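Here is upload29.csv, consisting of CSV, C-alpha atoms and all ligand atoms:
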chain,number,residue,atom,x,y,z
A,1,VAL,CA,13.9,-29.3,30.7
A,2,ASP,CA,11.7,-26.3,31.4
A,3,LEU,CA,8.7,-24.9,29.7
A,4,THR,CA,10.6,-22.5,27.4
A,5,ASP,CA,12.9,-25.3,26.2
A,6,GLN,CA,10.0,-27.6,25.6
A,7,ALA,CA,8.1,-25.0,23.7
A,8,LEU,CA,11.0,-24.0,21.5
A,9,ALA,CA,11.7,-27.6,20.8
A,10,GLY,CA,8.2,-27.9,19.3
A,11,ASP,CA,6.1,-29.3,22.1
A,12,ARG,CA,2.7,-27.9,21.2
A,13,ARG,CA,1.2,-27.9,24.6
A,14,ALA,CA,4.2,-26.2,26.1
A,15,LEU,CA,4.0,-23.7,23.2
A,16,ALA,CA,0.4,-22.9,24.1
A,17,ARG,CA,1.2,-22.5,27.8
A,18,LEU,CA,4.3,-20.3,27.1
A,19,ILE,CA,2.2,-18.0,24.9
A,20,THR,CA,-0.3,-17.7,27.7
A,21,LEU,CA,2.5,-16.7,30.0
A,22,VAL,CA,4.0,-14.2,27.6
A,23,GLU,CA,0.6,-12.8,26.7
A,24,ARG,CA,-0.2,-12.1,30.4
A,25,GLY,CA,2.9,-9.9,30.5
A,26,ASP,CA,3.7,-10.7,34.1
A,27,SER,CA,7.2,-11.2,35.5
A,28,VAL,CA,7.2,-14.9,34.5
A,29,GLY,CA,6.3,-14.0,30.9
A,30,ARG,CA,8.9,-11.3,30.9
A,31,GLU,CA,11.6,-13.6,32.2
A,32,ALA,CA,10.7,-16.2,29.5
A,33,LEU,CA,11.1,-13.5,26.9
A,34,GLU,CA,14.6,-12.8,28.1
A,35,ARG,CA,15.5,-16.1,26.6
A,36,ILE,CA,13.1,-16.2,23.7
A,37,TYR,CA,13.7,-12.8,22.2
A,38,PRO,CA,17.4,-13.3,21.3
A,39,ARG,CA,16.4,-16.5,19.6
A,40,SER,CA,13.8,-14.8,17.5
A,41,GLY,CA,14.1,-12.7,14.4
A,42,ARG,CA,14.2,-15.3,11.7
A,43,ALA,CA,10.5,-15.6,10.8
A,44,HIS,CA,8.7,-13.6,8.1
A,45,VAL,CA,6.0,-11.8,10.1
A,46,VAL,CA,2.9,-11.0,8.0
A,47,GLY,CA,0.0,-8.9,9.2
A,48,VAL,CA,-3.4,-9.5,7.6
A,49,THR,CA,-5.9,-6.8,8.3
A,50,GLY,CA,-9.2,-5.4,6.9
A,51,PRO,CA,-12.8,-4.9,7.9
A,52,PRO,CA,-14.8,-7.6,9.7
A,53,GLY,CA,-16.2,-10.2,7.4
A,54,ALA,CA,-13.7,-9.3,4.6
A,55,GLY,CA,-12.5,-12.9,4.6
A,56,LYS,CA,-9.3,-12.5,6.6
A,57,SER,CA,-9.6,-15.8,8.4
A,58,THR,CA,-10.6,-17.6,5.3
A,59,LEU,CA,-7.6,-16.1,3.4
A,60,VAL,CA,-5.2,-16.9,6.2
A,61,GLY,CA,-6.5,-20.5,6.1
A,62,ALA,CA,-5.9,-20.7,2.4
A,63,LEU,CA,-2.5,-19.1,2.8
A,64,VAL,CA,-1.6,-21.7,5.4
A,65,GLY,CA,-2.4,-24.4,2.9
A,66,GLU,CA,-0.4,-22.8,0.2
A,67,LEU,CA,2.6,-22.1,2.4
A,68,ARG,CA,2.5,-25.7,3.8
A,69,ASP,CA,2.5,-27.0,0.2
A,70,ARG,CA,5.7,-25.0,-0.3
A,71,GLY,CA,7.2,-26.7,2.7
A,72,GLN,CA,7.1,-23.7,5.0
A,73,THR,CA,5.8,-23.9,8.6
A,74,VAL,CA,3.3,-21.4,9.7
A,75,GLY,CA,2.2,-19.9,13.1
A,76,VAL,CA,-1.0,-17.9,13.2
A,77,ILE,CA,-2.1,-15.4,15.8
A,78,ALA,CA,-5.7,-14.2,15.3
A,79,VAL,CA,-6.5,-11.1,17.3
A,80,ASP,CA,-10.3,-11.1,17.7
A,81,PRO,CA,-11.8,-8.0,19.3
A,82,SER,CA,-15.0,-9.8,20.3
A,83,SER,CA,-14.5,-13.3,21.5
A,84,PRO,CA,-11.2,-15.0,21.5
A,85,LEU,CA,-12.9,-18.4,21.5
A,86,SER,CA,-15.3,-18.0,18.7
A,87,GLY,CA,-12.6,-16.3,16.6
A,88,GLY,CA,-10.1,-19.0,17.2
A,89,ALA,CA,-12.7,-21.7,16.5
A,90,ALA,CA,-13.7,-20.0,13.3
A,91,LEU,CA,-10.2,-19.8,12.1
A,92,ALA,CA,-9.4,-23.4,13.2
A,93,ASP,CA,-12.5,-24.5,11.3
A,94,ARG,CA,-11.3,-22.8,8.1
A,95,ILE,CA,-7.9,-24.4,8.5
A,96,ARG,CA,-9.5,-27.8,9.2
A,97,MET,CA,-11.2,-27.5,5.9
A,98,GLY,CA,-7.8,-27.8,4.5
A,99,GLU,CA,-7.2,-30.8,6.7
A,100,ARG,CA,-4.3,-29.2,8.5
A,101,HIS,CA,-5.5,-29.9,12.0
A,102,GLU,CA,-3.0,-32.6,12.7
A,103,ASP,CA,-0.1,-30.9,11.0
A,104,ASP,CA,2.8,-30.1,13.3
A,105,GLY,CA,3.9,-27.4,10.8
A,106,VAL,CA,0.9,-25.2,11.8
A,107,PHE,CA,0.2,-23.6,15.1
A,108,ILE,CA,-2.9,-21.4,15.5
A,109,ARG,CA,-3.6,-19.2,18.5
A,110,SER,CA,-6.3,-16.6,19.0
A,111,MET,CA,-6.3,-13.8,21.5
A,112,ALA,CA,-8.7,-11.2,22.6
A,113,SER,CA,-8.0,-7.6,21.7
A,114,ARG,CA,-7.4,-5.6,24.8
A,115,GLY,CA,-5.8,-2.6,23.2
A,116,ARG,CA,-7.0,0.8,24.5
A,117,HIS,CA,-8.2,1.7,21.0
A,118,GLY,CA,-9.3,-1.7,20.0
A,119,GLY,CA,-5.9,-2.3,18.6
A,120,LEU,CA,-3.5,-5.1,19.0
A,121,ALA,CA,-3.6,-7.1,22.2
A,122,VAL,CA,-0.7,-6.3,24.5
A,123,GLY,CA,0.6,-9.8,24.3
A,124,THR,CA,0.6,-10.0,20.5
A,125,ALA,CA,4.2,-9.0,19.9
A,126,GLY,CA,5.3,-11.4,22.6
A,127,ALA,CA,3.4,-14.3,21.0
A,128,VAL,CA,5.0,-13.4,17.7
A,129,HIS,CA,8.4,-13.7,19.3
A,130,VAL,CA,7.5,-17.1,20.8
A,131,LEU,CA,6.4,-18.5,17.4
A,132,ASP,CA,9.3,-17.0,15.7
A,133,ALA,CA,11.8,-18.5,18.2
A,134,ALA,CA,10.0,-21.8,17.9
A,135,ASP,CA,11.2,-21.8,14.3
A,136,PHE,CA,8.0,-21.2,12.3
A,137,ASP,CA,9.0,-19.9,9.0
A,138,VAL,CA,6.1,-17.5,8.6
A,139,VAL,CA,4.1,-16.0,11.4
A,140,ILE,CA,0.7,-14.5,10.3
A,141,VAL,CA,-1.1,-12.0,12.6
A,142,GLU,CA,-4.8,-11.5,11.7
A,143,THR,CA,-6.4,-8.3,13.0
A,144,VAL,CA,-9.5,-6.3,12.3
A,145,GLY,CA,-8.7,-3.1,10.6
A,146,VAL,CA,-10.7,-0.7,12.7
A,147,GLY,CA,-9.7,2.1,15.0
A,148,GLN,CA,-6.0,2.0,15.6
A,149,GLY,CA,-5.8,-1.6,14.8
A,150,GLU,CA,-4.7,-1.1,11.2
A,151,VAL,CA,-1.7,1.0,12.3
A,152,ASP,CA,-0.9,-1.4,15.1
A,153,VAL,CA,-0.4,-4.4,12.7
A,154,ALA,CA,2.5,-2.4,11.2
A,155,ALA,CA,4.0,-2.5,14.7
A,156,VAL,CA,4.6,-6.3,14.5
A,157,ALA,CA,4.7,-7.2,10.8
A,158,HIS,CA,7.4,-7.0,8.1
A,159,THR,CA,4.7,-7.3,5.5
A,160,VAL,CA,1.2,-5.8,5.9
A,161,VAL,CA,-1.6,-7.3,3.8
A,162,VAL,CA,-4.7,-5.2,3.7
A,163,LEU,CA,-8.0,-6.8,2.6
A,164,GLN,CA,-10.8,-5.0,0.7
A,165,VAL,CA,-14.0,-6.5,-0.6
A,166,PRO,CA,-16.7,-5.4,-2.9
A,167,GLY,CA,-20.0,-4.4,-1.5
A,168,LEU,CA,-18.9,-2.2,1.3
A,169,GLY,CA,-19.9,1.0,-0.4
A,170,ASP,CA,-17.1,3.4,-1.2
A,171,SER,CA,-14.0,1.2,-0.8
A,172,LEU,CA,-11.8,4.3,-0.5
A,173,GLN,CA,-13.9,5.4,2.4
A,174,THR,CA,-13.1,2.3,4.3
A,175,MET,CA,-9.5,2.4,3.1
A,176,LYS,CA,-8.6,5.2,5.4
A,177,ALA,CA,-5.4,7.1,5.0
A,178,GLY,CA,-3.6,5.3,7.8
A,179,LEU,CA,-4.4,2.0,6.3
A,180,LEU,CA,-3.1,2.9,2.8
A,181,GLU,CA,0.1,4.1,4.4
A,182,VAL,CA,0.9,0.8,6.1
A,183,ALA,CA,-0.3,-1.5,3.2
A,184,ASP,CA,2.5,-3.4,1.5
A,185,LEU,CA,0.0,-5.4,-0.4
A,186,VAL,CA,-3.7,-4.9,-1.0
A,187,VAL,CA,-5.9,-7.9,-1.7
A,188,VAL,CA,-9.4,-7.4,-3.1
A,189,ASN,CA,-11.0,-10.5,-1.7
A,190,LYS,CA,-14.3,-12.1,-2.8
A,191,ALA,CA,-13.3,-11.6,-6.4
A,192,ASP,CA,-16.0,-14.2,-7.2
A,193,LEU,CA,-18.6,-11.6,-6.3
A,194,PRO,CA,-19.6,-8.7,-8.5
A,195,GLY,CA,-17.8,-5.4,-8.1
A,196,ALA,CA,-14.4,-6.7,-7.2
A,197,ASP,CA,-12.8,-5.4,-10.5
A,198,ALA,CA,-14.3,-1.9,-9.8
A,199,VAL,CA,-12.9,-1.9,-6.3
A,200,ALA,CA,-9.4,-2.8,-7.6
A,201,ARG,CA,-9.7,-0.2,-10.3
A,202,ASP,CA,-10.7,2.5,-7.8
A,203,LEU,CA,-7.8,1.5,-5.6
A,204,ARG,CA,-5.3,1.6,-8.5
A,205,GLN,CA,-6.5,5.1,-9.4
A,206,ALA,CA,-6.3,6.3,-5.8
A,207,LEU,CA,-2.9,4.8,-5.2
A,208,GLY,CA,-1.3,5.8,-8.5
A,209,HIS,CA,1.7,4.0,-9.9
A,210,GLY,CA,5.4,3.8,-9.3
A,211,GLY,CA,7.7,3.1,-6.4
A,212,GLY,CA,6.3,2.5,-3.0
A,213,VAL,CA,2.8,1.8,-4.3
A,214,PRO,CA,1.6,-1.6,-3.0
A,215,PRO,CA,0.5,-4.2,-5.5
A,216,ILE,CA,-3.2,-4.7,-5.7
A,217,LEU,CA,-4.3,-8.3,-6.2
A,218,LEU,CA,-7.7,-10.0,-6.7
A,219,ALA,CA,-8.4,-13.1,-4.8
A,220,SER,CA,-11.1,-15.4,-3.7
A,221,ALA,CA,-10.2,-17.0,-0.4
A,222,THR,CA,-13.1,-19.5,-0.6
A,223,THR,CA,-12.3,-20.8,-4.1
A,224,GLY,CA,-8.6,-20.4,-3.7
A,225,GLU,CA,-8.3,-18.4,-6.8
A,226,GLY,CA,-5.5,-15.9,-6.6
A,227,VAL,CA,-4.2,-17.2,-3.2
A,228,LEU,CA,-1.0,-18.5,-4.8
A,229,ALA,CA,-0.3,-15.0,-6.1
A,230,VAL,CA,-0.9,-13.5,-2.7
A,231,ALA,CA,1.6,-15.9,-1.2
A,232,ASP,CA,4.1,-15.0,-3.9
A,233,ALA,CA,3.6,-11.3,-3.4
A,234,MET,CA,4.1,-11.7,0.4
A,235,ARG,CA,7.4,-13.5,-0.2
A,236,SER,CA,8.5,-11.1,-2.8
A,237,HIS,CA,7.8,-8.1,-0.6
A,238,ARG,CA,10.0,-9.7,2.1
A,239,ARG,CA,12.7,-10.5,-0.4
A,240,ASP,CA,12.8,-6.9,-1.6
A,241,LEU,CA,13.1,-5.7,2.0
A,242,ASP,CA,16.1,-8.0,2.4
A,243,ALA,CA,17.7,-7.2,-0.9
A,244,THR,CA,17.4,-3.4,-0.5
A,245,GLY,CA,18.3,-3.4,3.2
A,246,ALA,CA,14.9,-1.8,4.0
A,247,ILE,CA,14.4,-4.7,6.4
A,248,ALA,CA,16.6,-2.9,8.9
A,249,GLU,CA,14.2,0.1,9.0
A,250,ARG,CA,11.3,-2.2,9.4
A,251,ARG,CA,12.9,-3.9,12.3
A,252,ARG,CA,13.5,-0.5,13.9
A,253,ARG,CA,9.9,0.5,13.3
A,254,ILE,CA,8.7,-2.7,15.0
A,255,ALA,CA,11.2,-2.3,17.9
A,256,ALA,CA,10.1,1.3,18.4
A,257,ALA,CA,6.4,0.4,18.4
A,258,GLU,CA,6.9,-2.5,20.8
A,259,VAL,CA,9.0,-0.6,23.3
A,260,LEU,CA,6.7,2.5,23.1
A,261,ASN,CA,3.7,0.2,23.7
A,262,LEU,CA,5.3,-1.2,26.8
A,263,VAL,CA,6.3,2.2,28.1
A,264,GLU,CA,2.8,3.6,27.5
A,265,GLY,CA,1.3,0.6,29.2
A,266,GLU,CA,3.5,1.0,32.2
A,267,LEU,CA,2.9,4.7,32.4
A,268,ALA,CA,-0.8,4.3,32.2
A,269,ARG,CA,-0.7,1.6,34.9
A,270,ARG,CA,1.3,4.0,37.2
A,271,PHE,CA,-1.0,6.9,36.6
A,272,HIS,CA,-4.2,5.0,37.2
A,273,ARG,CA,-3.0,3.1,40.2
A,274,PRO,CA,-2.2,5.4,43.0
A,275,SER,CA,-0.1,2.7,44.7
A,276,ALA,CA,2.1,2.5,41.6
A,277,THR,CA,2.5,6.3,41.3
A,278,THR,CA,5.8,7.7,42.6
A,279,PRO,CA,5.5,10.4,45.3
A,280,GLU,CA,7.1,12.9,42.9
A,281,THR,CA,4.5,12.2,40.3
A,282,ALA,CA,1.7,12.3,42.9
A,283,THR,CA,2.9,15.7,44.0
A,284,LEU,CA,3.0,17.0,40.4
A,285,LEU,CA,-0.6,15.7,39.7
A,286,GLN,CA,-1.8,17.3,42.9
A,287,GLU,CA,-0.3,20.6,41.8
A,288,VAL,CA,-2.0,20.3,38.4
A,289,ALA,CA,-5.3,19.6,40.2
A,290,GLU,CA,-4.9,22.7,42.3
A,291,ARG,CA,-4.1,24.8,39.2
A,292,ARG,CA,-0.6,25.6,40.5
A,293,LEU,CA,1.0,23.9,37.5
A,294,THR,CA,-0.2,23.4,33.9
A,295,PRO,CA,-0.7,19.9,32.7
A,296,GLY,CA,1.9,20.6,30.0
A,297,ARG,CA,4.6,21.6,32.4
A,298,ALA,CA,3.9,18.6,34.6
A,299,ALA,CA,4.2,16.3,31.6
A,300,GLN,CA,7.5,17.9,30.6
A,301,GLN,CA,8.9,17.4,34.1
A,302,ILE,CA,7.9,13.8,34.2
A,303,LEU,CA,9.4,13.2,30.7
A,304,THR,CA,12.6,15.0,31.7
A,305,ARG,CA,12.9,12.8,34.7
A,306,LEU,CA,12.4,9.7,32.6
A,307,ASP,CA,15.1,10.8,30.3
A,308,GLY,CA,17.6,11.5,33.0
A,401,LIG,N1,-18.0,-15.2,-1.8
A,401,LIG,C1,-16.9,-15.2,-1.0
A,401,LIG,N2,-17.0,-15.3,0.3
A,401,LIG,C2,-15.9,-15.3,1.1
A,401,LIG,C3,-14.7,-15.2,0.6
A,401,LIG,N3,-13.8,-15.2,1.6
A,401,LIG,C4,-14.5,-15.3,2.7
A,401,LIG,N4,-15.8,-15.4,2.4
A,401,LIG,C5,-16.9,-15.5,3.4
A,401,LIG,O1,-17.0,-14.3,4.2
A,401,LIG,C6,-17.4,-14.6,5.5
A,401,LIG,C7,-16.4,-14.0,6.5
A,401,LIG,O2,-15.2,-14.6,6.4
A,401,LIG,P1,-14.1,-14.6,7.5
A,401,LIG,O3,-12.9,-15.2,7.0
A,401,LIG,O4,-14.6,-15.0,8.8
A,401,LIG,O5,-13.8,-13.0,7.6
A,401,LIG,P2,-13.0,-12.1,8.7
A,401,LIG,O6,-13.9,-11.6,9.6
A,401,LIG,O7,-12.4,-11.1,7.8
A,401,LIG,O8,-12.0,-13.1,9.3
A,401,LIG,C8,-17.5,-16.1,5.6
A,401,LIG,O9,-18.8,-16.5,5.5
A,401,LIG,C9,-16.6,-16.6,4.4
A,401,LIG,O10,-17.0,-17.8,4.0
A,401,LIG,C10,-14.5,-15.2,-0.9
A,401,LIG,O11,-13.4,-15.1,-1.5
A,401,LIG,N5,-15.7,-15.2,-1.6
A,402,MG,MG,-11.5,-13.5,11.3

Let me see the file written as structure tokens.
Ligand SMILES: Nc1nc2c(ncn2[C@@H]2O[C@H](COP(=O)(O)OP(=O)(O)O)[C@@H](O)[C@H]2O)c(=O)[nH]1
Ligand SMILES: [Mg+2]
Amino acid sequence: VDLTDQALAGDRRALARLITLVERGDSVGREALERIYPRSGRAHVVGVTGPPGAGKSTLVGALVGELRDRGQTVGVIAVDPSSPLSGGAALADRIRMGERHEDDGVFIRSMASRGRHGGLAVGTAGAVHVLDAADFDVVIVETVGVGQGEVDVAAVAHTVVVLQVPGLGDSLQTMKAGLLEVADLVVVNKADLPGADAVARDLRQALGHGGGVPPILLASATTGEGVLAVADAMRSHRRDLDATGAIAERRRRIAAAEVLNLVEGELARRFHRPSATTPETATLLQEVAERRLTPGRAAQQILTRLDG
């Protein structure tokens, strides 16, 4: 029995090692994904994003408790831009508060953000596939909603939950256009603090009413108030996607983002490492450097070659 079999059968240490391999993105990880990917696609993948300190980890911990009470198994990937260790430890602490640390139905993994724009770590999508194939019912990805990160979470999740909190000044300011566009559900967390109602009101006004407008919920991750409703709304969003067939479009969006991300990564690697650059590309780049070719034409030629 090899590592992939062990991991997918639920061996937690094997699972952790497999995610490490997949996250590294080397040939061993890619080979493992050849077997993992066809077995994934069943989990409900939920992205939880929002500003640092909004209570994402606390809410994820509370959601884990709620989902476990409902008999669902949960995998969590916390993408921490600063330190993978402290981030993971903080999340584990939160979940330990719920006394879930010896629960086989929960698996928590944190990873450092290495995205070029502070977005999702390159290995995040792969890790999601691993937890999905390992049969976790729900896979939650926690990311900080700064830079491109907020858009990136839509690249892995069926359901995007955006957190807002009172006391951050103009909430709409922090709720940048890109973030509003990808939100399937907005949670105003820290509703136990003053100002939460006003934030929710402002958001309702800004978002308007009608189809396509995400529900706005108030919650307090620390007291647990409203967490049940968040879990319900997540589930109902996914059910709507399934019922209307919109899930197919989500799957395509996720596929496109993941493939593009890999193509971009590989192209960047080739451009920045002379040894990985093809002679044709090297010649083109030299011509651009010598002003014999415009950058635009060179790009077009490279893209044409890729398409052929
Ligand atoms: N008052 C209050 N504090 C909260 C709530 N949720 C989280 N916090 C606190 O906010 C701080 C940041 O929480 P954390 O989950 O680490 O935020 P993250 O950076 O978004 O993951 C911690 O001190 C939490 O205890 C809440 O609903 N109410
Ligand atoms: Mg956190």

(Q) Please find the residues contacting ligand LIG 401 (chain A) at a distance of at most 9 Å between atoms, with all atoms listed in the file counted, and report them as a PyMOL selection string. (A) chain A and resi 49-61+78+80+87+90-91+94+142-144+163+165+188-193+219-225

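Residue nearest ligand MG 402 (chain A) within the list A:Met111, A:Ala255, A:Thr4, A:Arg238: A:Met111 [criterion: smallest interatomic distance, only C-alpha atoms and all ligand atoms].
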
Residues of region 190-272 of chain A at most 12 Å from region 21-31 of chain A: nearest atom pair and distance in Å, all atoms listed in the file, as a Markdown table:
| residue | atom | partner | partner_atom | distance |
| --- | --- | --- | --- | --- |
| A:Leu262 | CA | A:Gly25 | CA | 9.8 |
| A:Gly265 | CA | A:Gly25 | CA | 10.7 |
| A:Glu266 | CA | A:Gly25 | CA | 11.0 |

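Checking A:Arg270, A:Ala282, A:Val48, A:Glu264 one by one against Gln164 (chain A), counting all atoms listed in the file, you find the shortest gap at A:Val48.
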
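Candidate residues A:Asp11, A:Asp137, A:Asp152, A:Asp103 were compared for distance to Glu258 (chain A), and the nearest is A:Asp152, using all atoms listed in the file.
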
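CA of Ala229 (chain A) is positioned 28.3 Å from CA of Arg252 (chain A).
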
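Restricting the calculation to all atoms listed in the file, the smallest distance between ligand MG 402 (chain A) and any of A:Leu33, A:Ala231, A:Val76, A:Leu8 is found for A:Val76.
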
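Between ligand MG 402 (chain A) and the residues A:Arg68, A:Val156, A:Ala32, A:Ala112, the shortest atom-to-atom distance, using all atoms listed in the file, involves A:Ala112.
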
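Compared by their closest atoms to ligand MG 402 (chain A), and using all atoms listed in the file, the residues A:Gln72, A:His237, A:Leu179, A:Val79 rank with A:Val79 nearest.
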
Q: Tell me, in Å to one decimal, how far CA of Arg201 (chain A) is from CA of His158 (chain A).
A: 26.0 Å

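For the pair CA of Leu203 (chain A) and CA of Ile216 (chain A), the separation is 7.7 Å.
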